[in-house]
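Asks: Pasting entry_22.tsv below, which is TSV, C-alpha atoms (C1' of nucleotides).
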```tsv
chain	number	residue	atom	x	y	z
A	248	MET	CA	12.79	-88.80	11.03
A	249	ASN	CA	15.74	-86.81	12.19
A	250	LEU	CA	14.38	-83.59	13.62
A	251	SER	CA	17.76	-82.06	14.29
A	252	SER	CA	18.46	-81.74	10.59
A	253	TYR	CA	14.99	-80.79	9.46
A	254	ALA	CA	13.42	-78.69	12.17
A	255	GLY	CA	13.79	-74.94	12.06
A	256	GLY	CA	13.64	-74.68	8.30
A	257	VAL	CA	17.28	-75.57	7.74
A	258	ALA	CA	16.65	-76.28	4.08
A	259	ALA	CA	15.13	-72.83	3.49
A	260	ASP	CA	17.93	-71.09	5.37
A	261	ASP	CA	20.38	-72.87	3.12
A	262	THR	CA	19.52	-70.55	0.23
A	263	PRO	CA	22.26	-67.97	0.86
A	264	ARG	CA	24.90	-70.67	0.95
A	265	VAL	CA	23.71	-72.01	-2.38
A	266	LEU	CA	23.71	-68.53	-3.87
A	267	VAL	CA	27.25	-67.96	-2.69
A	268	ASP	CA	28.26	-71.26	-4.25
A	269	GLN	CA	26.66	-70.23	-7.50
A	270	VAL	CA	28.29	-66.83	-7.62
A	271	LEU	CA	31.73	-68.19	-6.75
A	272	GLY	CA	31.19	-71.03	-9.18
A	273	LEU	CA	30.24	-68.71	-12.00
A	274	ALA	CA	33.21	-66.49	-11.25
A	275	SER	CA	35.39	-69.56	-11.50
A	276	VAL	CA	33.77	-70.60	-14.78
A	277	LEU	CA	34.25	-67.13	-16.21
A	278	THR	CA	37.93	-66.88	-15.34
A	279	GLY	CA	38.29	-70.42	-16.58
A	280	SER	CA	36.74	-69.48	-19.90
A	281	VAL	CA	39.63	-67.13	-20.71
A	282	ARG	CA	42.36	-69.21	-19.14
A	283	GLU	CA	43.28	-70.86	-22.40
A	284	LEU	CA	43.89	-67.50	-24.02
A	285	VAL	CA	45.64	-66.19	-20.93
A	286	ARG	CA	48.06	-69.11	-20.98
A	287	ASP	CA	48.68	-68.62	-24.69
A	288	LEU	CA	49.60	-65.03	-23.91
A	289	ASP	CA	52.01	-66.33	-21.26
A	290	LEU	CA	50.11	-64.58	-18.49
A	291	THR	CA	49.06	-65.70	-15.04
A	292	ASP	CA	45.49	-65.23	-13.85
A	293	THR	CA	46.61	-62.45	-11.55
A	294	LEU	CA	48.38	-60.48	-14.26
A	295	ALA	CA	45.49	-61.05	-16.67
A	296	ASN	CA	43.17	-59.63	-14.04
A	297	VAL	CA	45.26	-56.49	-13.75
A	298	VAL	CA	45.12	-56.02	-17.52
A	299	TRP	CA	41.39	-56.61	-17.39
A	300	VAL	CA	40.96	-53.96	-14.72
A	301	LEU	CA	43.01	-51.34	-16.56
A	302	ASP	CA	40.43	-49.59	-18.72
A	303	PRO	CA	42.32	-47.66	-21.40
A	304	ASP	CA	39.34	-45.33	-21.88
A	305	ALA	CA	39.34	-44.22	-18.25
A	306	ASP	CA	41.72	-41.94	-16.41
A	307	PRO	CA	45.14	-43.38	-15.53
A	308	VAL	CA	45.00	-45.24	-12.22
A	309	PRO	CA	47.42	-44.40	-9.42
A	310	LEU	CA	49.08	-47.55	-8.10
A	311	ARG	CA	47.52	-46.94	-4.72
A	312	ARG	CA	44.00	-46.93	-6.13
A	313	LEU	CA	44.85	-50.00	-8.14
A	314	ALA	CA	45.76	-51.74	-4.89
A	315	GLY	CA	42.34	-50.80	-3.56
A	316	ARG	CA	40.65	-52.12	-6.64
A	317	LEU	CA	42.59	-55.39	-6.49
A	318	GLN	CA	42.14	-55.61	-2.74
A	319	CYS	CA	45.78	-56.16	-2.02
A	320	ASP	CA	48.75	-54.46	-0.46
A	321	PRO	CA	50.37	-51.59	-2.44
A	322	SER	CA	53.70	-53.40	-2.33
A	323	ASN	CA	52.11	-56.21	-4.25
A	324	VAL	CA	50.99	-53.80	-6.97
A	325	THR	CA	54.59	-52.66	-7.31
A	326	LEU	CA	55.48	-56.24	-8.14
A	327	LEU	CA	52.61	-56.76	-10.55
A	328	ALA	CA	53.40	-53.48	-12.31
A	329	ASP	CA	57.02	-54.62	-12.63
A	330	ARG	CA	55.94	-57.82	-14.33
A	331	LEU	CA	53.59	-56.10	-16.72
A	332	GLU	CA	56.30	-53.61	-17.64
A	333	GLU	CA	58.74	-56.46	-18.27
A	334	LYS	CA	56.19	-57.97	-20.60
A	335	GLY	CA	55.60	-54.66	-22.32
A	336	LEU	CA	51.89	-54.65	-21.55
A	337	ALA	CA	51.81	-51.64	-19.26
A	338	GLU	CA	54.02	-48.81	-18.13
A	339	ARG	CA	54.27	-46.48	-15.17
A	340	ARG	CA	53.58	-42.83	-15.79
A	341	PRO	CA	54.22	-40.00	-13.36
A	342	HIS	CA	51.18	-38.14	-12.14
A	343	PRO	CA	51.08	-34.65	-13.67
A	344	ASP	CA	50.10	-32.89	-10.44
A	345	ASP	CA	51.68	-35.01	-7.71
A	346	GLY	CA	55.27	-36.15	-7.86
A	347	ARG	CA	54.65	-38.94	-5.39
A	348	VAL	CA	52.05	-40.65	-7.49
A	349	ARG	CA	52.68	-43.08	-10.31
A	350	THR	CA	49.95	-44.40	-12.54
A	351	LEU	CA	49.86	-47.63	-14.48
A	352	VAL	CA	48.73	-47.43	-18.09
A	353	LEU	CA	48.35	-50.16	-20.71
A	354	THR	CA	50.68	-49.96	-23.68
A	355	PRO	CA	49.13	-50.39	-27.13
A	356	GLU	CA	50.11	-54.05	-26.89
A	357	GLY	CA	48.40	-54.23	-23.50
A	358	VAL	CA	45.27	-52.67	-24.93
A	359	GLN	CA	45.32	-55.27	-27.68
A	360	VAL	CA	45.66	-58.10	-25.15
A	361	ARG	CA	42.79	-56.72	-23.13
A	362	ARG	CA	40.65	-56.48	-26.24
A	363	ARG	CA	41.34	-60.09	-27.08
A	364	MET	CA	40.38	-61.18	-23.58
A	365	ILE	CA	37.08	-59.34	-23.75
A	366	GLU	CA	36.38	-60.78	-27.17
A	367	TYR	CA	37.22	-64.25	-25.92
A	368	VAL	CA	34.84	-63.96	-22.99
A	369	ARG	CA	32.07	-62.67	-25.17
A	370	ASN	CA	32.34	-65.64	-27.49
A	371	ARG	CA	33.07	-68.47	-25.08
A	372	SER	CA	31.67	-67.66	-21.68
A	373	PRO	CA	28.37	-69.25	-20.70
A	374	LEU	CA	26.97	-65.74	-20.37
A	375	ALA	CA	26.39	-65.97	-24.11
A	376	ALA	CA	23.60	-68.44	-23.32
A	377	LEU	CA	21.52	-65.58	-21.91
A	378	ASP	CA	19.46	-63.39	-24.16
A	379	ALA	CA	19.47	-59.62	-23.85
A	380	ASP	CA	16.55	-59.53	-21.42
A	381	GLN	CA	18.07	-62.11	-19.15
A	382	GLN	CA	21.40	-60.33	-19.20
A	383	GLU	CA	19.68	-57.14	-18.20
A	384	GLN	CA	17.79	-58.91	-15.39
A	385	LEU	CA	20.99	-60.50	-14.18
A	386	ARG	CA	22.78	-57.19	-14.27
A	387	ALA	CA	20.05	-55.55	-12.18
A	388	LEU	CA	19.99	-58.36	-9.62
A	389	LEU	CA	23.77	-58.43	-9.32
A	390	ALA	CA	23.79	-54.68	-8.79
A	391	LEU	CA	21.27	-55.15	-6.00
A	392	ALA	CA	23.17	-58.07	-4.52
A	393	SER	CA	26.43	-56.17	-4.60
A	394	GLY	CA	24.98	-53.56	-2.33
A	395	ARG	CA	25.89	-50.78	-4.73
A	396	ASP	CA	22.52	-50.42	-6.35
B	233	MET	CA	32.58	-37.10	-32.72
B	234	ASN	CA	35.05	-39.92	-32.55
B	235	LEU	CA	33.72	-42.66	-34.77
B	236	SER	CA	36.41	-45.19	-33.91
B	237	SER	CA	35.13	-45.51	-30.38
B	238	TYR	CA	31.43	-45.24	-31.09
B	239	ALA	CA	30.72	-46.90	-34.40
B	240	GLY	CA	29.86	-50.57	-34.53
B	241	GLY	CA	27.78	-50.62	-31.38
B	242	VAL	CA	30.74	-50.89	-29.05
B	243	ALA	CA	28.66	-49.79	-26.09
B	244	ALA	CA	26.10	-52.55	-26.60
B	245	ASP	CA	28.77	-55.20	-27.07
B	246	ASP	CA	30.26	-54.09	-23.80
B	247	THR	CA	27.51	-55.83	-21.83
B	248	PRO	CA	29.31	-59.15	-21.29
B	249	ARG	CA	32.37	-57.37	-19.93
B	250	VAL	CA	30.21	-55.49	-17.47
B	251	LEU	CA	28.49	-58.68	-16.41
B	252	VAL	CA	31.82	-60.38	-15.84
B	253	ASP	CA	32.92	-57.42	-13.75
B	254	GLN	CA	29.76	-57.67	-11.70
B	255	VAL	CA	30.06	-61.39	-11.08
B	256	LEU	CA	33.74	-61.18	-10.15
B	257	GLY	CA	33.00	-58.13	-8.05
B	258	LEU	CA	30.21	-59.85	-6.18
B	259	ALA	CA	32.38	-62.91	-5.63
B	260	SER	CA	34.99	-60.62	-4.17
B	261	VAL	CA	32.44	-58.89	-1.94
B	262	LEU	CA	31.13	-62.24	-0.72
B	263	THR	CA	34.52	-63.65	0.20
B	264	GLY	CA	35.30	-60.28	1.74
B	265	SER	CA	32.19	-60.47	3.86
B	266	VAL	CA	33.53	-63.50	5.75
B	267	ARG	CA	37.14	-62.44	5.80
B	268	GLU	CA	36.88	-60.91	9.22
B	269	LEU	CA	35.63	-64.18	10.69
B	270	VAL	CA	38.14	-66.18	8.69
B	271	ARG	CA	41.00	-64.10	10.08
B	272	ASP	CA	39.65	-64.49	13.60
B	273	LEU	CA	39.70	-68.24	13.07
B	274	ASP	CA	43.34	-67.93	11.96
B	275	LEU	CA	42.51	-69.24	8.49
B	276	THR	CA	43.59	-68.11	5.05
B	277	ASP	CA	41.04	-67.57	2.31
B	278	THR	CA	42.21	-70.72	0.59
B	279	LEU	CA	41.82	-72.94	3.65
B	280	ALA	CA	38.47	-71.36	4.45
B	281	ASN	CA	37.33	-72.19	0.95
B	282	VAL	CA	38.26	-75.84	1.43
B	283	VAL	CA	36.26	-75.95	4.65
B	284	TRP	CA	33.38	-74.30	2.84
B	285	VAL	CA	33.46	-76.87	0.07
B	286	LEU	CA	33.53	-79.85	2.47
B	287	ASP	CA	29.85	-80.58	3.02
B	288	PRO	CA	29.58	-82.79	6.13
B	289	ASP	CA	26.20	-84.09	4.97
B	290	ALA	CA	27.55	-85.38	1.69
B	291	ASP	CA	29.69	-88.42	0.99
B	292	PRO	CA	33.38	-88.13	1.93
B	293	VAL	CA	35.36	-86.57	-0.90
B	294	PRO	CA	38.44	-88.30	-2.32
B	295	LEU	CA	41.37	-85.89	-2.47
B	296	ARG	CA	41.46	-86.26	-6.22
B	297	ARG	CA	37.87	-85.11	-6.62
B	298	LEU	CA	38.56	-82.30	-4.20
B	299	ALA	CA	41.35	-81.17	-6.51
B	300	GLY	CA	38.85	-81.13	-9.33
B	301	ARG	CA	36.39	-79.14	-7.31
B	302	LEU	CA	39.05	-76.63	-6.29
B	303	GLN	CA	40.48	-76.58	-9.81
B	304	CYS	CA	44.02	-77.19	-8.69
B	305	ASP	CA	46.72	-79.82	-8.79
B	306	PRO	CA	46.28	-82.87	-6.53
B	307	SER	CA	49.65	-82.16	-4.93
B	308	ASN	CA	48.26	-78.87	-3.77
B	309	VAL	CA	45.36	-80.62	-2.09
B	310	THR	CA	47.85	-82.75	-0.21
B	311	LEU	CA	49.29	-79.58	1.24
B	312	LEU	CA	45.93	-78.02	2.07
B	313	ALA	CA	44.78	-81.24	3.72
B	314	ASP	CA	47.99	-81.24	5.78
B	315	ARG	CA	47.27	-77.75	7.04
B	316	LEU	CA	43.66	-78.49	7.90
B	317	GLU	CA	44.75	-81.60	9.77
B	318	GLU	CA	47.34	-79.60	11.70
B	319	LYS	CA	44.60	-77.20	12.69
B	320	GLY	CA	42.31	-80.04	13.66
B	321	LEU	CA	39.58	-78.99	11.25
B	322	ALA	CA	39.68	-82.01	8.97
B	323	GLU	CA	41.19	-85.46	8.77
B	324	ARG	CA	42.07	-87.96	6.10
B	325	ARG	CA	40.13	-91.19	6.04
B	326	PRO	CA	40.94	-94.26	3.97
B	327	HIS	CA	38.44	-95.19	1.32
B	328	PRO	CA	36.62	-98.38	2.32
B	329	ASP	CA	36.78	-99.98	-1.13
B	330	ASP	CA	40.01	-98.65	-2.62
B	331	GLY	CA	43.27	-98.60	-0.74
B	332	ARG	CA	44.72	-95.94	-2.97
B	333	VAL	CA	42.07	-93.40	-2.18
B	334	ARG	CA	42.01	-91.08	0.80
B	335	THR	CA	39.09	-88.84	1.61
B	336	LEU	CA	39.08	-85.59	3.53
B	337	VAL	CA	36.40	-85.17	6.16
B	338	LEU	CA	35.68	-82.28	8.50
B	339	THR	CA	36.17	-82.93	12.20
B	340	PRO	CA	33.41	-81.78	14.55
B	341	GLU	CA	35.44	-78.63	15.07
B	342	GLY	CA	35.65	-78.19	11.31
B	343	VAL	CA	31.90	-78.61	10.98
B	344	GLN	CA	31.46	-75.95	13.63
B	345	VAL	CA	33.76	-73.56	11.80
B	346	ARG	CA	31.91	-74.16	8.55
B	347	ARG	CA	28.59	-73.51	10.27
B	348	ARG	CA	29.88	-70.22	11.62
B	349	MET	CA	31.03	-69.17	8.18
B	350	ILE	CA	27.65	-69.90	6.64
B	351	GLU	CA	25.91	-68.07	9.45
B	352	TYR	CA	28.23	-65.13	9.00
B	353	VAL	CA	27.52	-64.90	5.28
B	354	ARG	CA	23.81	-65.13	5.82
B	355	ASN	CA	23.85	-62.22	8.20
B	356	ARG	CA	26.42	-59.93	6.65
B	357	SER	CA	26.60	-60.55	2.94
B	358	PRO	CA	24.78	-58.12	0.65
B	359	LEU	CA	22.70	-61.06	-0.55
B	360	ALA	CA	20.57	-60.39	2.49
B	361	ALA	CA	19.33	-57.27	0.69
B	362	LEU	CA	17.42	-59.46	-1.73
B	363	ASP	CA	13.98	-60.77	-0.87
B	364	ALA	CA	13.02	-64.39	-1.44
B	365	ASP	CA	11.68	-63.79	-4.93
B	366	GLN	CA	14.78	-61.96	-6.04
B	367	GLN	CA	16.99	-64.64	-4.57
B	368	GLU	CA	15.09	-67.25	-6.51
B	369	GLN	CA	15.33	-65.20	-9.72
B	370	LEU	CA	19.03	-64.73	-9.19
B	371	ARG	CA	19.51	-68.42	-8.53
B	372	ALA	CA	17.72	-69.32	-11.75
B	373	LEU	CA	19.69	-66.83	-13.83
B	374	LEU	CA	22.99	-67.90	-12.33
B	375	ALA	CA	22.16	-71.50	-13.06
B	376	LEU	CA	21.49	-70.54	-16.67
B	377	ALA	CA	24.63	-68.42	-16.87
B	378	SER	CA	26.76	-71.20	-15.44
B	379	GLY	CA	25.81	-73.43	-18.28
B	380	ARG	CA	24.59	-76.13	-15.93
B	381	ASP	CA	20.92	-75.29	-16.16
C	240	DT	C1'	61.82	-24.36	8.07
C	241	DC	C1'	60.48	-28.60	10.47
C	242	DC	C1'	57.51	-32.14	10.95
C	243	DT	C1'	53.99	-34.94	9.35
C	244	DT	C1'	51.69	-37.30	5.90
C	245	DC	C1'	51.41	-39.72	1.75
C	246	DA	C1'	52.82	-42.79	-2.36
C	247	DC	C1'	55.68	-45.94	-3.69
C	248	DT	C1'	59.58	-49.30	-3.23
C	249	DT	C1'	62.50	-52.79	-1.03
C	250	DG	C1'	63.48	-56.94	1.61
C	251	DA	C1'	62.21	-60.80	4.42
C	252	DG	C1'	59.23	-64.42	4.88
C	253	DC	C1'	55.07	-66.98	4.39
C	254	DT	C1'	51.34	-69.36	1.57
C	255	DT	C1'	49.76	-71.12	-2.57
C	256	DC	C1'	50.45	-73.43	-6.58
C	257	DT	C1'	52.48	-76.36	-10.38
C	258	DC	C1'	55.43	-79.74	-12.41
C	259	DA	C1'	58.17	-83.89	-12.34
C	260	DA	C1'	59.27	-87.87	-9.94
C	261	DG	C1'	58.23	-91.48	-6.71
C	262	DC	C1'	55.55	-94.97	-3.98
C	263	DA	C1'	51.71	-97.90	-3.08
C	264	DT	C1'	47.46	-99.94	-4.63
C	265	DT	C1'	44.40	-101.59	-8.11
C	266	DA	C1'	43.21	-103.03	-12.80
C	267	DT	C1'	44.24	-105.35	-17.20
C	268	DC	C1'	45.39	-109.08	-19.90
C	269	DA	C1'	48.22	-112.60	-21.88
D	208	DT	C1'	49.00	-116.22	-12.12
D	209	DG	C1'	52.24	-112.70	-13.04
D	210	DA	C1'	53.94	-108.87	-15.69
D	211	DT	C1'	52.48	-104.39	-17.05
D	212	DA	C1'	49.76	-100.42	-16.96
D	213	DA	C1'	46.85	-97.17	-14.75
D	214	DT	C1'	45.36	-94.69	-10.68
D	215	DG	C1'	45.71	-91.94	-6.27
D	216	DC	C1'	48.45	-89.71	-3.33
D	217	DT	C1'	52.87	-87.72	-1.69
D	218	DT	C1'	57.39	-85.42	-2.00
D	219	DG	C1'	60.70	-81.97	-3.57
D	220	DA	C1'	62.04	-78.09	-6.27
D	221	DG	C1'	60.89	-73.83	-7.68
D	222	DA	C1'	57.91	-69.94	-9.21
D	223	DA	C1'	54.27	-66.65	-8.20
D	224	DG	C1'	51.48	-64.06	-5.10
D	225	DC	C1'	50.90	-61.80	-1.01
D	226	DT	C1'	51.79	-59.21	3.50
D	227	DC	C1'	54.32	-56.74	6.91
D	228	DA	C1'	57.90	-53.63	8.35
D	229	DA	C1'	61.17	-50.41	7.06
D	230	DG	C1'	62.97	-47.09	3.86
D	231	DT	C1'	63.01	-43.15	0.23
D	232	DG	C1'	61.29	-39.11	-1.78
D	233	DA	C1'	57.62	-35.66	-2.54
D	234	DA	C1'	53.78	-32.62	-0.66
D	235	DG	C1'	51.59	-29.94	2.76
D	236	DG	C1'	50.67	-27.67	7.22
D	237	DA	C1'	52.18	-25.24	11.55
```
Would you encode the structure as structure tokens?

Replies:
Amino acid sequence: MNLSSYAGGVAADDTPRVLVDQVLGLASVLTGSVRELVRDLDLTDTLANVVWVLDPDADPVPLRRLAGRLQCDPSNVTLLADRLEEKGLAERRPHPDDGRVRTLVLTPEGVQVRRRMIEYVRNRSPLAALDADQQEQLRALLALASGRD
Amino acid sequence: MNLSSYAGGVAADDTPRVLVDQVLGLASVLTGSVRELVRDLDLTDTLANVVWVLDPDADPVPLRRLAGRLQCDPSNVTLLADRLEEKGLAERRPHPDDGRVRTLVLTPEGVQVRRRMIEYVRNRSPLAALDADQQEQLRALLALASGRD
DNA sequence: TCCTTCACTTGAGCTTCTCAAGCATTATCA
DNA sequence: TGATAATGCTTGAGAAGCTCAAGTGAAGGA
């Protein structure tokens, strides 16, 4: 028996790694579950994610805050906003109070695309396999695990 | 009262979208929680992910299967393998039974790097906020949600 | 007013990724 | 066996994504 690989409870300590694998795996499955639609819409995953993040019911998002939300450099957001504008899915709007700030807002077509993505996920993602209770449990645990309980 | 945004149980149907946000958000937090180490090791997120995926206790992985696991084109794996070899973290090995196949295996240094990443996650990721029971619950729910119960 | 700070953009340059084409090895089957 | 097909990997071209440094214009404080 090989002590070096068994002693010290290595198997038990392996739990966090497995959890990480599961979370990343599920994230991958989820983005994969809309990819077909996203490709049909002639979008890349990155652009689709921006559309996903742009809630039309919330306040317009300054590009800088969008960069924070996407965890990337502001200059990258400039590029992504350019592409979405080219495609007619979003447009820049000046901030009413601050001339430096520009916000990115979905066009009606963008809102429609976003709606289709959400619909698609609801119907095809494996999350549908969970009943309401389980979804609620999962939501609570994920909130805990995200550190923003 | 605006019926168009309230009627039809929109709020209730919004649950899957929220869950997706949570899962993607947690995935982002988790990869973010090792980023500091990854940068110190002079690795990109992509390369770090390959190292993460390469379990030294499992059978050597043919590049083609690695492409499947990473959900990318085989030609991309060629490139990633090149980089990891340059850095001395992994090396290609011929498959004993099939001359066409090459496998990618972590070097001792690569194994060490992987161990440090796992250790880092265990100590710093928000998953640590969950007790053993909650971790087990989460694992079970994620397995269900991933469709590979 | 002057200077600083802030938000965004631009340009250079790298990494990641895909697609099509190519090479070598293995499998199939007449 | 020998021709043909299938498989696994690599190469090259090119697009997308991303960052860093530098630049422009607006806002705010001394």

Asks: Fit chain A to chain B, using all C-alpha atoms paired in sequence order for the least-squares superposition, and then show me the result as a tab-separated table (two decimals) with C-alpha atoms, in the frame of the given file.

Replies:
```tsv
chain	number	residue	atom	x	y	z
A	248	MET	CA	32.53	-37.17	-32.97
A	249	ASN	CA	34.93	-40.03	-32.78
A	250	LEU	CA	33.50	-42.79	-34.93
A	251	SER	CA	36.17	-45.31	-34.06
A	252	SER	CA	34.92	-45.55	-30.50
A	253	TYR	CA	31.22	-45.33	-31.20
A	254	ALA	CA	30.56	-47.05	-34.49
A	255	GLY	CA	29.69	-50.72	-34.52
A	256	GLY	CA	27.73	-50.64	-31.30
A	257	VAL	CA	30.76	-50.85	-29.03
A	258	ALA	CA	28.74	-49.72	-26.05
A	259	ALA	CA	26.16	-52.50	-26.51
A	260	ASP	CA	28.85	-55.13	-27.00
A	261	ASP	CA	30.37	-54.01	-23.73
A	262	THR	CA	27.60	-55.75	-21.77
A	263	PRO	CA	29.40	-59.07	-21.26
A	264	ARG	CA	32.45	-57.31	-19.89
A	265	VAL	CA	30.30	-55.43	-17.40
A	266	LEU	CA	28.56	-58.63	-16.37
A	267	VAL	CA	31.89	-60.32	-15.80
A	268	ASP	CA	32.99	-57.38	-13.69
A	269	GLN	CA	29.83	-57.63	-11.66
A	270	VAL	CA	30.11	-61.35	-11.06
A	271	LEU	CA	33.78	-61.16	-10.11
A	272	GLY	CA	33.05	-58.12	-8.00
A	273	LEU	CA	30.24	-59.83	-6.14
A	274	ALA	CA	32.40	-62.89	-5.60
A	275	SER	CA	35.02	-60.61	-4.11
A	276	VAL	CA	32.45	-58.89	-1.90
A	277	LEU	CA	31.14	-62.23	-0.69
A	278	THR	CA	34.53	-63.64	0.24
A	279	GLY	CA	35.31	-60.29	1.78
A	280	SER	CA	32.18	-60.47	3.91
A	281	VAL	CA	33.50	-63.52	5.78
A	282	ARG	CA	37.13	-62.48	5.84
A	283	GLU	CA	36.87	-60.95	9.27
A	284	LEU	CA	35.61	-64.21	10.72
A	285	VAL	CA	38.12	-66.21	8.71
A	286	ARG	CA	40.98	-64.16	10.11
A	287	ASP	CA	39.61	-64.53	13.63
A	288	LEU	CA	39.67	-68.28	13.09
A	289	ASP	CA	43.30	-67.97	11.98
A	290	LEU	CA	42.49	-69.26	8.52
A	291	THR	CA	43.57	-68.14	5.08
A	292	ASP	CA	41.02	-67.59	2.33
A	293	THR	CA	42.19	-70.74	0.60
A	294	LEU	CA	41.80	-72.95	3.66
A	295	ALA	CA	38.44	-71.36	4.48
A	296	ASN	CA	37.32	-72.20	0.96
A	297	VAL	CA	38.25	-75.84	1.43
A	298	VAL	CA	36.23	-75.97	4.65
A	299	TRP	CA	33.37	-74.29	2.84
A	300	VAL	CA	33.46	-76.88	0.08
A	301	LEU	CA	33.52	-79.85	2.45
A	302	ASP	CA	29.84	-80.58	3.01
A	303	PRO	CA	29.58	-82.79	6.09
A	304	ASP	CA	26.18	-84.07	4.94
A	305	ALA	CA	27.55	-85.39	1.65
A	306	ASP	CA	29.70	-88.41	0.96
A	307	PRO	CA	33.39	-88.14	1.90
A	308	VAL	CA	35.38	-86.57	-0.93
A	309	PRO	CA	38.45	-88.30	-2.34
A	310	LEU	CA	41.39	-85.91	-2.47
A	311	ARG	CA	41.49	-86.27	-6.23
A	312	ARG	CA	37.90	-85.11	-6.63
A	313	LEU	CA	38.59	-82.30	-4.22
A	314	ALA	CA	41.39	-81.16	-6.52
A	315	GLY	CA	38.88	-81.12	-9.36
A	316	ARG	CA	36.43	-79.13	-7.33
A	317	LEU	CA	39.10	-76.62	-6.30
A	318	GLN	CA	40.54	-76.55	-9.79
A	319	CYS	CA	44.07	-77.18	-8.68
A	320	ASP	CA	46.76	-79.80	-8.81
A	321	PRO	CA	46.32	-82.87	-6.53
A	322	SER	CA	49.69	-82.16	-4.93
A	323	ASN	CA	48.31	-78.87	-3.76
A	324	VAL	CA	45.38	-80.62	-2.08
A	325	THR	CA	47.87	-82.77	-0.19
A	326	LEU	CA	49.30	-79.57	1.24
A	327	LEU	CA	45.94	-78.03	2.07
A	328	ALA	CA	44.79	-81.26	3.72
A	329	ASP	CA	47.99	-81.24	5.79
A	330	ARG	CA	47.26	-77.75	7.03
A	331	LEU	CA	43.67	-78.50	7.91
A	332	GLU	CA	44.75	-81.62	9.78
A	333	GLU	CA	47.34	-79.60	11.70
A	334	LYS	CA	44.58	-77.22	12.69
A	335	GLY	CA	42.29	-80.07	13.66
A	336	LEU	CA	39.56	-79.01	11.25
A	337	ALA	CA	39.67	-82.02	8.96
A	338	GLU	CA	41.18	-85.46	8.77
A	339	ARG	CA	42.08	-87.97	6.09
A	340	ARG	CA	40.12	-91.18	6.02
A	341	PRO	CA	40.94	-94.25	3.96
A	342	HIS	CA	38.43	-95.19	1.32
A	343	PRO	CA	36.58	-98.36	2.34
A	344	ASP	CA	36.75	-99.98	-1.10
A	345	ASP	CA	39.98	-98.64	-2.60
A	346	GLY	CA	43.23	-98.63	-0.70
A	347	ARG	CA	44.71	-95.97	-2.95
A	348	VAL	CA	42.08	-93.41	-2.17
A	349	ARG	CA	42.01	-91.08	0.80
A	350	THR	CA	39.09	-88.84	1.59
A	351	LEU	CA	39.08	-85.60	3.52
A	352	VAL	CA	36.39	-85.18	6.15
A	353	LEU	CA	35.67	-82.28	8.50
A	354	THR	CA	36.16	-82.95	12.19
A	355	PRO	CA	33.38	-81.82	14.54
A	356	GLU	CA	35.41	-78.65	15.08
A	357	GLY	CA	35.62	-78.22	11.31
A	358	VAL	CA	31.89	-78.65	10.98
A	359	GLN	CA	31.42	-75.99	13.63
A	360	VAL	CA	33.73	-73.59	11.79
A	361	ARG	CA	31.88	-74.19	8.56
A	362	ARG	CA	28.57	-73.54	10.28
A	363	ARG	CA	29.84	-70.26	11.63
A	364	MET	CA	31.00	-69.19	8.19
A	365	ILE	CA	27.63	-69.93	6.65
A	366	GLU	CA	25.88	-68.10	9.45
A	367	TYR	CA	28.20	-65.15	9.02
A	368	VAL	CA	27.51	-64.92	5.30
A	369	ARG	CA	23.80	-65.15	5.83
A	370	ASN	CA	23.83	-62.24	8.23
A	371	ARG	CA	26.41	-59.94	6.68
A	372	SER	CA	26.59	-60.54	2.96
A	373	PRO	CA	24.78	-58.11	0.69
A	374	LEU	CA	22.72	-61.05	-0.54
A	375	ALA	CA	20.56	-60.38	2.51
A	376	ALA	CA	19.35	-57.25	0.70
A	377	LEU	CA	17.42	-59.45	-1.74
A	378	ASP	CA	14.00	-60.74	-0.89
A	379	ALA	CA	13.02	-64.35	-1.46
A	380	ASP	CA	11.70	-63.74	-4.97
A	381	GLN	CA	14.80	-61.91	-6.05
A	382	GLN	CA	17.01	-64.60	-4.60
A	383	GLU	CA	15.10	-67.19	-6.54
A	384	GLN	CA	15.37	-65.14	-9.75
A	385	LEU	CA	19.07	-64.68	-9.20
A	386	ARG	CA	19.53	-68.36	-8.55
A	387	ALA	CA	17.74	-69.25	-11.79
A	388	LEU	CA	19.73	-66.75	-13.85
A	389	LEU	CA	23.04	-67.85	-12.34
A	390	ALA	CA	22.18	-71.46	-13.10
A	391	LEU	CA	21.53	-70.46	-16.70
A	392	ALA	CA	24.68	-68.36	-16.88
A	393	SER	CA	26.78	-71.15	-15.44
A	394	GLY	CA	25.85	-73.36	-18.33
A	395	ARG	CA	24.65	-76.10	-16.01
A	396	ASP	CA	20.99	-75.30	-16.18
```

Asks: Name the residues in contact with segment 215-231 of chain D at a cut-off of 10 Å, using only C-alpha atoms (C1' of nucleotides), excluding same-chain residues fewer than 2 positions from it; report them as a count of residues only.

Replies: 43

Asks: Which value, in Å to one decimal, gives the distance between atom C1' of DA266 of chain C and atom CA of Pro326 of chain B?

Replies: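 Distance reported for this atom pair: 19.1 Å.
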
Asks: For Leu351 of chain A, work out the shell of residues within 6 Å, counting all atoms listed in the file and skipping chain neighbours fewer than 6 positions away, then give it as a list in words.

Replies: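 These residues fall inside the cut-off: Val308, Glu338 and Arg339 of chain A.
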
Asks: Choose the residue, out of A:Asp344, A:Glu383, A:Asp268, A:Asp306, that has the smallest atom-to-atom separation from chain D; count all atoms listed in the file.

Replies: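 Residue with the minimum atom-to-atom distance to chain D: A:Asp344.
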
Asks: Could you tell me which of B:Val337, B:Val266, B:Ala322, B:Arg315 comes closest to chain C if we count all atoms listed in the file?

Replies: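 Among B:Val337, B:Val266, B:Ala322, B:Arg315, it is B:Arg315 that comes nearest to chain C.
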
Asks: In Å to one decimal, how far is atom CA of Asp292 of chain A from atom CA of Arg297 of chain B?

Replies: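 Separating atom CA of Arg297 of chain B from atom CA of Asp292 of chain A is a distance of 22.5 Å.
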